[in-house]
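As provided, upload_32.cif (mmCIF, C-alpha atoms) reads as follows.
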```cif
data_query
#
loop_
_atom_site.label_atom_id
_atom_site.label_comp_id
_atom_site.auth_asym_id
_atom_site.auth_seq_id
_atom_site.Cartn_x
_atom_site.Cartn_y
_atom_site.Cartn_z
CA MET A 1330 137.95 78.75 102.89
CA TYR A 1331 140.47 76.27 101.62
CA ALA A 1332 141.11 72.53 101.64
CA ILE A 1333 144.12 70.25 101.41
CA VAL A 1334 143.18 67.61 98.86
CA GLU A 1335 145.02 64.57 97.51
CA ILE A 1336 145.07 64.33 93.71
CA ASN A 1337 146.97 61.51 91.97
CA GLY A 1338 149.06 60.81 95.07
CA GLN A 1339 150.09 64.44 95.68
CA GLN A 1340 148.65 66.99 98.12
CA PHE A 1341 147.47 70.41 96.96
CA LYS A 1342 145.97 73.47 98.64
CA ALA A 1343 142.64 74.09 96.91
CA GLU A 1344 140.95 77.49 97.06
CA GLU A 1345 137.99 78.58 94.98
CA GLY A 1346 139.08 80.13 91.67
CA LYS A 1347 142.69 78.92 91.95
CA LYS A 1348 144.55 77.11 89.13
CA LEU A 1349 146.31 73.80 89.81
CA PHE A 1350 148.81 71.91 87.68
CA VAL A 1351 148.55 68.23 88.67
CA ASN A 1352 150.24 65.14 87.26
CA HIS A 1353 148.87 64.23 83.83
CA MET A 1354 145.37 62.73 83.89
CA PRO A 1355 144.98 60.97 80.49
CA GLN A 1356 141.35 59.97 81.16
CA ALA A 1357 140.23 63.61 81.57
CA GLU A 1358 138.76 65.74 78.79
CA ALA A 1359 138.83 69.53 78.42
CA GLY A 1360 135.75 71.17 79.95
CA GLN A 1361 134.95 68.11 82.06
CA THR A 1362 134.01 68.53 85.74
CA VAL A 1363 136.00 66.36 88.15
CA GLU A 1364 135.33 65.80 91.86
CA PHE A 1365 137.98 64.84 94.41
CA GLU A 1366 136.75 63.40 97.71
CA LYS A 1367 140.10 62.75 99.43
CA VAL A 1368 140.03 65.96 101.46
CA LEU A 1369 142.64 65.72 104.22
CA LEU A 1370 142.06 69.12 105.87
CA LEU A 1371 139.28 71.66 105.63
CA ASP A 1372 139.61 75.25 106.86
CA THR A 1373 136.44 77.31 107.03
CA ASP A 1374 136.32 80.83 108.47
CA SER A 1375 135.35 79.58 111.92
CA GLU A 1376 137.04 76.19 112.33
CA VAL A 1377 139.64 73.75 111.03
CA LYS A 1378 138.68 70.11 110.44
CA VAL A 1379 141.47 67.55 110.18
CA GLY A 1380 140.53 64.21 108.68
CA ALA A 1381 141.42 60.83 110.05
CA PRO A 1382 142.44 60.07 107.29
CA VAL A 1383 139.84 62.12 105.31
CA VAL A 1384 137.13 64.66 106.18
CA GLU A 1385 133.73 63.00 105.76
CA GLY A 1386 131.32 64.71 103.35
CA ALA A 1387 133.88 67.18 101.99
CA LYS A 1388 134.88 67.36 98.34
CA VAL A 1389 136.53 69.65 95.83
CA VAL A 1390 134.89 70.28 92.44
CA CYS A 1391 137.27 71.18 89.59
CA GLU A 1392 137.02 71.88 85.88
CA VAL A 1393 139.65 70.56 83.47
CA LYS A 1394 140.99 73.50 81.47
CA THR A 1395 143.82 71.83 79.53
CA VAL A 1396 144.45 68.09 79.45
CA LEU A 1397 148.14 68.21 78.52
CA VAL A 1398 150.50 71.00 79.56
CA LYS A 1399 154.24 70.50 79.43
CA GLY A 1400 156.35 71.89 82.24
CA ASP A 1401 159.70 73.62 81.95
CA LYS A 1402 162.59 71.62 80.55
CA VAL A 1403 164.94 70.19 83.16
CA LEU A 1404 168.47 69.41 81.98
CA VAL A 1405 170.45 66.61 83.62
CA PHE A 1406 174.19 66.68 82.87
CA HIS A 1407 176.62 63.88 83.78
CA LYS A 1408 180.38 64.19 83.44
CA LYS A 1409 183.39 62.20 84.55
CA ARG A 1410 186.48 64.33 84.74
CA ARG A 1411 189.50 63.48 82.62
CA LYS A 1412 187.68 60.57 80.92
CA GLY A 1413 185.96 62.39 78.05
CA TYR A 1414 182.55 61.23 79.29
CA ARG A 1415 179.72 63.75 78.97
CA LYS A 1416 176.02 63.06 78.77
CA LEU A 1417 173.11 65.53 78.58
CA ASN A 1418 169.49 64.51 79.12
CA GLY A 1419 166.41 66.68 79.02
CA HIS A 1420 162.98 66.06 80.57
CA ARG A 1421 159.64 67.88 80.42
CA GLN A 1422 156.99 66.79 82.91
CA GLN A 1423 153.40 66.47 81.67
CA PHE A 1424 150.63 68.17 83.66
CA THR A 1425 146.88 68.68 83.54
CA GLU A 1426 145.55 72.17 84.30
CA LEU A 1427 142.57 72.33 86.68
CA THR A 1428 140.51 75.28 87.93
CA ILE A 1429 138.87 74.95 91.34
CA LYS A 1430 135.14 75.68 91.02
CA GLN A 1431 134.10 75.10 94.65
CA VAL A 1432 135.12 73.55 97.93
CA ILE A 1433 132.19 71.75 99.55
CA ALA A 1434 132.32 71.26 103.33
#
```
Structure rendered as structure tokens:
Amino acid sequence: MYAIVEINGQQFKAEEGKKLFVNHMPQAEAGQTVEFEKVLLLDTDSEVKVGAPVVEGAKVVCEVKTVLVKGDKVLVFHKKRRKGYRKLNGHRQQFTELTIKQVIA
């Protein structure tokens, strides 16, 4: 059983026991239980329910493992040939780590 759920404007496939790295949620605390009710699709063993726009009565229960996790560093390099112009920027995205406890249909 899995569900497609919208968390902070992004869609994720949620299965029980799976880890998710979502955009940083500053209001969350480690160990806190969070529920997401914007379930867009629900797949049980026997049927698939597609929401219009959401599936009524379905939700995903998660536990916050780590509030702030930094992603890999992405380097952005700009150069203009023959002009001596070079610029290097780095960026590390901030995530929150969630563990899916259960998918409720």
_Nearby residues (all atoms listed in the file) at most 7 Å from A:Lys1388, same-chain spacing under 4 positions excluded, as a ChimeraX atom specification_ = /A:1364-1366,1368,1432-1434
*Mind telling me what the PyMOL selection byres ((chain A and resi 1389-1405) around 7) catches here, as a PyMOL selection string?*
chain A and resi 1353+1357-1366+1388+1406-1407+1417-1433
Starting from the shown file, work through the PyMOL selection byres ((chain A and resi 1341-1344) around 9) and note down what comes out as a short mmCIF file (atom, residue, chain, number, x, y, z; two decimals) with C-alpha atoms, in the frame of the given file.
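Saved to expr-v2.cif:
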```
data_model
loop_
_atom_site.label_atom_id
_atom_site.label_comp_id
_atom_site.auth_asym_id
_atom_site.auth_seq_id
_atom_site.Cartn_x
_atom_site.Cartn_y
_atom_site.Cartn_z
CA MET A 1330 137.95 78.75 102.89
CA TYR A 1331 140.47 76.27 101.62
CA ALA A 1332 141.11 72.53 101.64
CA ILE A 1333 144.12 70.25 101.41
CA VAL A 1334 143.18 67.61 98.86
CA GLU A 1335 145.02 64.57 97.51
CA ILE A 1336 145.07 64.33 93.71
CA GLN A 1339 150.09 64.44 95.68
CA GLN A 1340 148.65 66.99 98.12
CA GLU A 1345 137.99 78.58 94.98
CA GLY A 1346 139.08 80.13 91.67
CA LYS A 1347 142.69 78.92 91.95
CA LYS A 1348 144.55 77.11 89.13
CA LEU A 1349 146.31 73.80 89.81
CA VAL A 1351 148.55 68.23 88.67
CA VAL A 1389 136.53 69.65 95.83
CA ILE A 1429 138.87 74.95 91.34
CA LYS A 1430 135.14 75.68 91.02
CA GLN A 1431 134.10 75.10 94.65
CA VAL A 1432 135.12 73.55 97.93
#
```
*In Å, rounded to a single decimal, give me how far atom CA of A:Val1384 is from atom CA of A:Leu1369.*
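Value for the atom CA of A:Leu1369-atom CA of A:Val1384 distance: 5.9 Å.
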*What gap, in Å, lies between atom CA of A:Ala1381 and atom CA of A:Asn1337?*
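Spanning atom CA of A:Ala1381 to atom CA of A:Asn1337 is a straight-line distance of 18.9 Å.
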*Using only C-alpha atoms, which of A:Lys1408, A:Gly1413, A:Met1354, A:Leu1370 sits nearest A:Val1383?*
A:Leu1370
